[in-house]
Amino acid sequence: MLPNLPRENLLELCRRMFTIRHFEENLVLLHDKGVFGGHYHLYVGQEATGVPALSCLRADDYLFTTHRNHGHLLARGVEPKRLFAEILGRVDGLNKGKGGSFHSVAPSLGFLHSSGVVAGIIPLSTGTAYAAKAQKNGRLTVCLFGDGSLEEGAAPEAFNIASLLKLPLLFLCENNGKYGAGRAVAAAQSSSMAAYPLTELPKAYKIPAQQIDGMDAGLVHATISEAVGKIRRGEGPQFVEAQTVRFPGSETNWPTVPKPTNTALAWDVSDVPEKAREWYHSCDPLLIYIRELVEANRANRDEIAAIESQVKSEIAAAVDFATNSPYPKPEEAERDFFA
Amino acid sequence: MRELAYYEAKFEALEEIMSADERVHLINGTFLSLSPHRHVFQNLQKKFSERMFAPPISELGFCGLATGAAMAGLRPIVDLSTGSFIYEAWPQVANEAANAYSMSGGQTRVPVVFHLFHGLRGGGAAQHSGSPQAMLWNVPGLEIAIPSSPRDVKGLLKTAVASDNPTIFVDHTRLLDIRGEVPDNDQAIPFGVADIKRSGSDVTLIATSYTVQVGLQAAGKLAKEGIEVEVVDPRTLVPFDLATILSSVEKTHRVVIGDETHQSCGVAAEIAARIAESGFDKLKTRIRRVSTLDVPVPYSPGLEAHIGPSESRIMDAVRAALA
């Protein structure tokens, strides 16, 4: 379903989902051309979780994210050109090229630190929440992590502390499903996590927890709005597990794009390679969202295609900016490791 | 000038720091380990209970909490109590706190202090006698302060809390009852300034933490044999004041290093390497290390004493340097 929002906001969510999609599809091309060499992870397939969820926050809230951070940063409004430049290791990158894909940050938007250790941010998120409570500034912390993070001991330690202190903290676990890179082939989470469903783990620490369909933008928006409201009223931490079906391009260790996205795909997937067709047909949250917009008469296909076209130009300009940005001088490696 | 016990100077610092800055929170512990002086902590607790958090036994969790809180503008001081417990928190200290500033391109500051008691404490056995400062010195992005006197613990603690970087504050339970002069108007002691604890012209003894006190005892006895030892205390490992050490070596041409980390890749090893690289021409004899022997720390008193940088081992090393 669609979020219960004015048309203008619905179209803005659409624009942001397109931004993530076209950003990452271009990133795969840049990698395949050898423009950058480091490893990276895609957010494709999870756009209907991050975009509506992050639209429920205040401008001064804190966010922590992981190695799979591009979607979160873009959903919150990071300039694509600065994120591209960071992933390409250039001076104009968000972190001046010191962080790369795994560690991109944007402190002005609340992203202080992005960790490539899957549960690294979970204890850290209790810290900003602790500080906000001490400073009585009403700021909330959102901790965005994947299902694998729950397998590290940092997660339950942090859940216990968050619950004991009733911290203003939202744990948003994005469970992007089966066939993850580096995981046992066709492994369901129950084979690597005895606490299953995953919500059993936070519930053991008395943190209210629920599972939702992370491909349903309206459900995500309603659930996160409600959870954020409870947290702001002082009810303590909340846990939401948003489930998505893993993007077929993320099944391998190095991401691929089975079919570049365009608006028309929402109604005709016959061009998609057979192996990936079912995902684009029924699991692609962006295409689902577009169909819902049209079916609910909130936008027509041309209007959506126009948004997409504008995003594509912006992304093309961002790629241009990043590829033309210089590399840092080698001696920069010896600077900026102490404040 | 006043004379205070080390623990009194340390708690005077904590009280002054907490009174002056509302951003300072104390996380876990009493900053006293098993010492009987609980009243000083209780006094602090009465005054600042709302800025103290006694967390569950979750070193990884609460070191992460403190690091995150520092990112958000607080200045937490975490007491890990027994130094070996920092191993439980290693991912947060070594992989999150230490990297955040660099990784963010100099945007995210992490003004957190991780306080711990390292070393041989008497019956600590292998799991409660760790000296993790050598491993931590191998992690860029952490400052490391290691006081040895009442005056230094007060002055260095103030600088640690004022620092915008994650700082490891390495303390030792055997220092807590040492007495020494502490000026009334004591100011912060800047990091990276070594202190000559005793002047001498024959041998330079570089020592850290409790081994400074052991070294001063040894120097006193050696003076009766006519050997004048200069005891140099770096006071911080990061940043490290090599210049003061080299000027002492220029005078004595002989170096002994006394330190409680294990010998291999230990604090003494790094100091010896730096002197060899930058001051080899000043040396008249090889550098001698008096470190903890490379074995897990045994429990029984005689066994424990045997492996540490004792007075007699230091005296032997000094005599050997002059032979």
# chains A, B, ... in the order shown; residues from 1 in each chain; ligands from 1
$ interface_residues --of "chain A" --to "chain B" --cutoff "7 Å" --atoms "only C-alpha atoms" --output "list in words"
Asn95, Lys96, Lys98, Gly99, His103, Val105, Leu112, His113, Gly120, Pro123, Leu124, Ser125, Thr126, Gly127, Thr128, Tyr130, Ala131, Ala154, Glu157, Ala158, Asp336, Phe337, Phe338 and Ala339 of chain A
$ residues_around --residues "Leu44 in chain B" --least-positions-apart "6" --cutoff "12 Å" --atoms "only C-alpha atoms" --output "list in words"
Glu8, Lys10, Phe11, Glu12, Ala13, Leu14, Glu15, Glu16, Ile17, Met18, Ser19, His25, Leu26, Thr30, Phe31, Arg38, Glu50, Arg51 and Met52 of chain B
$ atom_distance --atom1 "CA of Gln135 in chain A" --atom2 "CA of Gln238 in chain A"
20.7 Å
$ atom_distance --atom1 "CA of Ile307 in chain B" --atom2 "CA of Glu260 in chain B"
9.4 Å
$ residues_around --residues "Leu88 in chain A" --least-positions-apart "5" --cutoff "9 Å" --atoms "only C-alpha atoms" --output "NGL selection string"
:A and (30 or 35-38 or 83 or 93 or 97 or 100-101 or 322-323 or 327)
$ write_last_selection --atoms "C-alpha atoms" --output "PDB file, in the first residue's frame"
ATOM      1  CA  LEU A  30      31.836   2.050 -12.598  1.00  0.00           C
ATOM      2  CA  VAL A  35      37.006   2.950 -11.866  1.00  0.00           C
ATOM      3  CA  PHE A  36      37.237   1.777  -8.247  1.00  0.00           C
ATOM      4  CA  GLY A  37      38.431  -1.442  -6.703  1.00  0.00           C
ATOM      5  CA  GLY A  38      37.133  -1.743  -3.170  1.00  0.00           C
ATOM      6  CA  LEU A  83      28.856   9.735  -2.223  1.00  0.00           C
ATOM      7  CA  GLY A  93      34.134  12.428  -1.226  1.00  0.00           C
ATOM      8  CA  GLY A  97      38.320   9.447   0.395  1.00  0.00           C
ATOM      9  CA  GLY A 100      34.998   4.513   1.054  1.00  0.00           C
ATOM     10  CA  SER A 101      31.775   2.627   0.472  1.00  0.00           C
ATOM     11  CA  ALA A 322      33.086  12.125  -9.141  1.00  0.00           C
ATOM     12  CA  THR A 323      35.176  10.726 -11.967  1.00  0.00           C
ATOM     13  CA  TYR A 327      42.564  11.669  -5.851  1.00  0.00           C
TER      14      TYR A 327
END
$ select_by_dssp --residues "range 237-282 of chain A" --states "strand (DSSP E or B)" --output "number ranges by chain"
A: 238-243
$ write_last_selection --atoms "C-alpha atoms" --output "mmCIF file, in the first residue's frame"
data_model
loop_
_atom_site.group_PDB
_atom_site.id
_atom_site.type_symbol
_atom_site.label_atom_id
_atom_site.label_comp_id
_atom_site.auth_asym_id
_atom_site.auth_seq_id
_atom_site.Cartn_x
_atom_site.Cartn_y
_atom_site.Cartn_z
ATOM 1 C CA GLN A 238 11.559 -0.400 19.654
ATOM 2 C CA PHE A 239 12.637 -3.094 17.200
ATOM 3 C CA VAL A 240 11.269 -3.521 13.686
ATOM 4 C CA GLU A 241 12.336 -6.271 11.297
ATOM 5 C CA ALA A 242 11.574 -5.322 7.688
ATOM 6 C CA GLN A 243 11.706 -8.306 5.352
#
$ residues_around --residues "Lys221 in chain B" --least-positions-apart "2" --cutoff "12 Å" --atoms "only C-alpha atoms" --output "list in words"
Val214, Gly215, Leu216, Gln217, Ala218, Ala219, Ala223, Lys224, Glu225, Gly226, Ile227, Glu228, Val229, Glu311, Ser312, Ile314, Met315, Asp316, Val318 and Arg319 of chain B
$ write_last_selection --atoms "N, CA and C atoms" --output "CSV table (one decimal), in the first residue's frame"
chain,number,residue,atom,x,y,z
B,214,VAL,N,59.4,1.3,41.1
B,214,VAL,CA,60.3,0.2,41.3
B,214,VAL,C,61.7,0.7,40.9
B,215,GLY,N,61.8,1.4,39.8
B,215,GLY,CA,63.0,1.9,39.3
B,215,GLY,C,63.7,3.0,40.2
B,216,LEU,N,62.8,3.8,40.8
B,216,LEU,CA,63.3,4.8,41.7
B,216,LEU,C,63.9,4.2,43.0
B,217,GLN,N,63.3,3.1,43.4
B,217,GLN,CA,63.9,2.3,44.6
B,217,GLN,C,65.2,1.8,44.2
B,218,ALA,N,65.3,1.2,43.0
B,218,ALA,CA,66.5,0.6,42.5
B,218,ALA,C,67.6,1.6,42.4
B,219,ALA,N,67.2,2.8,41.8
B,219,ALA,CA,68.2,3.9,41.7
B,219,ALA,C,68.7,4.4,43.0
B,223,ALA,N,72.7,4.1,43.9
B,223,ALA,CA,73.4,5.3,44.3
B,223,ALA,C,74.4,5.0,45.4
B,224,LYS,N,74.0,4.1,46.3
B,224,LYS,CA,75.0,3.7,47.3
B,224,LYS,C,76.2,3.0,46.8
B,225,GLU,N,76.0,2.4,45.6
B,225,GLU,CA,77.2,1.7,45.0
B,225,GLU,C,77.9,2.7,44.1
B,226,GLY,N,77.5,3.9,44.1
B,226,GLY,CA,78.2,4.9,43.3
B,226,GLY,C,77.7,5.0,41.9
B,227,ILE,N,76.5,4.4,41.6
B,227,ILE,CA,76.0,4.4,40.2
B,227,ILE,C,74.8,5.4,40.2
B,228,GLU,N,74.9,6.4,39.3
B,228,GLU,CA,73.8,7.4,39.3
B,228,GLU,C,72.9,7.1,38.1
B,229,VAL,N,71.7,6.7,38.4
B,229,VAL,CA,70.7,6.4,37.4
B,229,VAL,C,69.8,7.6,37.1
B,311,GLU,N,62.9,-4.9,41.2
B,311,GLU,CA,64.1,-4.1,41.6
B,311,GLU,C,65.4,-4.8,41.3
B,312,SER,N,65.5,-6.1,41.6
B,312,SER,CA,66.7,-6.8,41.4
B,312,SER,C,67.1,-7.0,40.0
B,314,ILE,N,66.1,-5.0,37.6
B,314,ILE,CA,66.5,-3.7,37.1
B,314,ILE,C,68.0,-3.3,37.5
B,315,MET,N,68.3,-3.6,38.8
B,315,MET,CA,69.6,-3.3,39.3
B,315,MET,C,70.7,-4.1,38.5
B,316,ASP,N,70.4,-5.4,38.2
B,316,ASP,CA,71.3,-6.2,37.5
B,316,ASP,C,71.5,-5.7,36.1
B,318,VAL,N,71.2,-2.6,35.1
B,318,VAL,CA,71.9,-1.3,35.1
B,318,VAL,C,73.4,-1.6,35.3
B,319,ARG,N,73.7,-2.6,36.2
B,319,ARG,CA,75.1,-2.9,36.4
B,319,ARG,C,75.7,-3.5,35.2
$ atom_distance --atom1 "CA of Thr211 in chain B" --atom2 "CA of Val112 in chain B"
26.3 Å
$ select_by_dssp --residues "range 194-271 of chain A" --states "helix (DSSP H, G or I)" --output "VMD selection string"
chain A and resid 200 to 204 217 to 232 248 to 250 263 to 266
$ residues_around --residues "Trp267 in chain A" --least-positions-apart "4" --cutoff "9 Å" --atoms "only C-alpha atoms" --output "list in words"
Thr263, His281, Leu287 and Arg291 of chain A
$ write_last_selection --atoms "N, CA and C atoms" --output "short mmCIF file (atom, residue, chain, number, x, y, z; two decimals), in the first residue's frame"
data_model
loop_
_atom_site.label_atom_id
_atom_site.label_comp_id
_atom_site.auth_asym_id
_atom_site.auth_seq_id
_atom_site.Cartn_x
_atom_site.Cartn_y
_atom_site.Cartn_z
N THR A 263 11.01 2.89 -15.83
CA THR A 263 9.61 2.94 -15.40
C THR A 263 8.77 1.87 -16.09
N HIS A 281 9.36 -8.82 -11.39
CA HIS A 281 7.91 -8.87 -11.58
C HIS A 281 7.16 -8.68 -10.27
N LEU A 287 9.37 -0.94 -8.25
CA LEU A 287 8.36 -1.17 -9.28
C LEU A 287 6.98 -1.36 -8.66
N ARG A 291 3.71 1.06 -9.50
CA ARG A 291 2.39 0.53 -9.89
C ARG A 291 1.30 1.03 -8.95
#
$ residues_around --residues "Leu322 in chain B" --least-positions-apart "4" --cutoff "12 Å" --atoms "only C-alpha atoms" --output "PyMOL selection string"
chain B and resi 201-204+222+226-229+252-256+283-288+315-318
$ write_last_selection --atoms "N, CA and C atoms" --output "mmCIF file, in the first residue's frame"
data_model
loop_
_atom_site.group_PDB
_atom_site.id
_atom_site.type_symbol
_atom_site.label_atom_id
_atom_site.label_comp_id
_atom_site.auth_asym_id
_atom_site.auth_seq_id
_atom_site.Cartn_x
_atom_site.Cartn_y
_atom_site.Cartn_z
ATOM 1 N N SER B 201 73.789 10.463 35.843
ATOM 2 C CA SER B 201 74.686 10.646 34.705
ATOM 3 C C SER B 201 75.223 9.332 34.145
ATOM 4 N N ASP B 202 74.964 8.204 34.823
ATOM 5 C CA ASP B 202 75.615 6.955 34.396
ATOM 6 C C ASP B 202 74.766 6.102 33.447
ATOM 7 N N VAL B 203 73.511 5.912 33.804
ATOM 8 C CA VAL B 203 72.629 5.062 32.988
ATOM 9 C C VAL B 203 71.247 5.728 32.917
ATOM 10 N N THR B 204 70.614 5.680 31.728
ATOM 11 C CA THR B 204 69.229 6.141 31.589
ATOM 12 C C THR B 204 68.309 4.943 31.791
ATOM 13 N N LEU B 222 71.281 1.785 44.016
ATOM 14 C CA LEU B 222 72.468 1.826 43.155
ATOM 15 C C LEU B 222 73.335 3.047 43.460
ATOM 16 N N GLY B 226 77.482 3.940 44.116
ATOM 17 C CA GLY B 226 78.159 4.939 43.298
ATOM 18 C C GLY B 226 77.676 5.003 41.866
ATOM 19 N N ILE B 227 76.509 4.370 41.599
ATOM 20 C CA ILE B 227 75.962 4.411 40.230
ATOM 21 C C ILE B 227 74.789 5.390 40.208
ATOM 22 N N GLU B 228 74.896 6.390 39.335
ATOM 23 C CA GLU B 228 73.846 7.406 39.263
ATOM 24 C C GLU B 228 72.930 7.124 38.076
ATOM 25 N N VAL B 229 71.704 6.721 38.395
ATOM 26 C CA VAL B 229 70.723 6.371 37.352
ATOM 27 C C VAL B 229 69.795 7.558 37.100
ATOM 28 N N THR B 252 74.201 9.863 29.159
ATOM 29 C CA THR B 252 74.596 8.613 29.846
ATOM 30 C C THR B 252 75.172 7.556 28.908
ATOM 31 N N HIS B 253 74.762 7.568 27.666
ATOM 32 C CA HIS B 253 75.178 6.589 26.637
ATOM 33 C C HIS B 253 74.764 5.159 26.967
ATOM 34 N N ARG B 254 73.930 4.979 27.986
ATOM 35 C CA ARG B 254 73.539 3.624 28.392
ATOM 36 C C ARG B 254 72.047 3.616 28.712
ATOM 37 N N VAL B 255 71.348 2.572 28.228
ATOM 38 C CA VAL B 255 69.886 2.540 28.375
ATOM 39 C C VAL B 255 69.397 1.203 28.926
ATOM 40 N N VAL B 256 68.564 1.321 29.969
ATOM 41 C CA VAL B 256 67.791 0.171 30.454
ATOM 42 C C VAL B 256 66.327 0.596 30.394
ATOM 43 N N LEU B 283 74.932 5.498 21.808
ATOM 44 C CA LEU B 283 75.017 4.353 22.717
ATOM 45 C C LEU B 283 76.430 3.790 22.797
ATOM 46 N N LYS B 284 76.828 3.451 24.047
ATOM 47 C CA LYS B 284 78.124 2.792 24.214
ATOM 48 C C LYS B 284 77.962 1.304 24.487
ATOM 49 N N THR B 285 76.728 0.874 24.723
ATOM 50 C CA THR B 285 76.464 -0.551 24.959
ATOM 51 C C THR B 285 75.050 -0.842 24.498
ATOM 52 N N ARG B 286 74.732 -2.134 24.354
ATOM 53 C CA ARG B 286 73.406 -2.485 23.842
ATOM 54 C C ARG B 286 72.310 -2.060 24.828
ATOM 55 N N ILE B 287 71.119 -1.850 24.284
ATOM 56 C CA ILE B 287 69.952 -1.504 25.106
ATOM 57 C C ILE B 287 69.492 -2.761 25.837
ATOM 58 N N ARG B 288 69.112 -2.595 27.109
ATOM 59 C CA ARG B 288 68.636 -3.759 27.876
ATOM 60 C C ARG B 288 67.172 -3.567 28.284
ATOM 61 N N MET B 315 68.276 -3.616 38.761
ATOM 62 C CA MET B 315 69.638 -3.327 39.252
ATOM 63 C C MET B 315 70.676 -4.142 38.482
ATOM 64 N N ASP B 316 70.354 -5.399 38.229
ATOM 65 C CA ASP B 316 71.281 -6.243 37.453
ATOM 66 C C ASP B 316 71.497 -5.676 36.054
ATOM 67 N N ALA B 317 70.406 -5.230 35.441
ATOM 68 C CA ALA B 317 70.512 -4.711 34.079
ATOM 69 C C ALA B 317 71.351 -3.424 34.051
ATOM 70 N N VAL B 318 71.171 -2.582 35.076
ATOM 71 C CA VAL B 318 71.947 -1.332 35.137
ATOM 72 C C VAL B 318 73.440 -1.649 35.310
#
$ decode --residues "range 253-270 of chain B" --atoms "N, CA and C atoms" --output "mmCIF file, in the first residue's frame"
data_model
loop_
_atom_site.group_PDB
_atom_site.id
_atom_site.type_symbol
_atom_site.label_atom_id
_atom_site.label_comp_id
_atom_site.auth_asym_id
_atom_site.auth_seq_id
_atom_site.Cartn_x
_atom_site.Cartn_y
_atom_site.Cartn_z
ATOM 1 N N HIS B 253 74.762 7.568 27.666
ATOM 2 C CA HIS B 253 75.178 6.589 26.637
ATOM 3 C C HIS B 253 74.764 5.159 26.967
ATOM 4 N N ARG B 254 73.930 4.979 27.986
ATOM 5 C CA ARG B 254 73.539 3.624 28.392
ATOM 6 C C ARG B 254 72.047 3.616 28.712
ATOM 7 N N VAL B 255 71.348 2.572 28.228
ATOM 8 C CA VAL B 255 69.886 2.540 28.375
ATOM 9 C C VAL B 255 69.397 1.203 28.926
ATOM 10 N N VAL B 256 68.564 1.321 29.969
ATOM 11 C CA VAL B 256 67.791 0.171 30.454
ATOM 12 C C VAL B 256 66.327 0.596 30.394
ATOM 13 N N ILE B 257 65.462 -0.311 29.964
ATOM 14 C CA ILE B 257 64.034 0.008 29.895
ATOM 15 C C ILE B 257 63.274 -0.959 30.792
ATOM 16 N N GLY B 258 62.531 -0.413 31.736
ATOM 17 C CA GLY B 258 61.760 -1.241 32.669
ATOM 18 C C GLY B 258 60.273 -1.036 32.455
ATOM 19 N N ASP B 259 59.549 -2.130 32.237
ATOM 20 C CA ASP B 259 58.129 -1.993 31.895
ATOM 21 C C ASP B 259 57.436 -3.331 32.104
ATOM 22 N N GLU B 260 56.144 -3.279 32.482
ATOM 23 C CA GLU B 260 55.424 -4.506 32.829
ATOM 24 C C GLU B 260 54.718 -5.188 31.681
ATOM 25 N N THR B 261 54.768 -4.651 30.463
ATOM 26 C CA THR B 261 54.161 -5.422 29.368
ATOM 27 C C THR B 261 55.062 -6.611 29.078
ATOM 28 N N HIS B 262 54.488 -7.635 28.452
ATOM 29 C CA HIS B 262 55.308 -8.786 28.070
ATOM 30 C C HIS B 262 56.384 -8.332 27.095
ATOM 31 N N GLN B 263 57.494 -9.076 27.084
ATOM 32 C CA GLN B 263 58.681 -8.586 26.371
ATOM 33 C C GLN B 263 58.494 -8.485 24.852
ATOM 34 N N SER B 264 57.892 -9.511 24.249
ATOM 35 C CA SER B 264 57.803 -9.521 22.783
ATOM 36 C C SER B 264 56.793 -8.494 22.288
ATOM 37 N N CYS B 265 57.244 -7.609 21.411
ATOM 38 C CA CYS B 265 56.395 -6.532 20.891
ATOM 39 C C CYS B 265 55.840 -5.682 22.037
ATOM 40 N N GLY B 266 56.562 -5.618 23.125
ATOM 41 C CA GLY B 266 56.103 -4.865 24.284
ATOM 42 C C GLY B 266 56.479 -3.396 24.204
ATOM 43 N N VAL B 267 56.105 -2.661 25.245
ATOM 44 C CA VAL B 267 56.416 -1.230 25.307
ATOM 45 C C VAL B 267 57.931 -1.020 25.258
ATOM 46 N N ALA B 268 58.681 -1.855 25.976
ATOM 47 C CA ALA B 268 60.139 -1.705 25.981
ATOM 48 C C ALA B 268 60.723 -1.976 24.590
ATOM 49 N N ALA B 269 60.118 -2.906 23.878
ATOM 50 C CA ALA B 269 60.604 -3.220 22.530
ATOM 51 C C ALA B 269 60.472 -2.008 21.615
ATOM 52 N N GLU B 270 59.330 -1.333 21.694
ATOM 53 C CA GLU B 270 59.111 -0.172 20.823
ATOM 54 C C GLU B 270 60.037 0.982 21.207
#
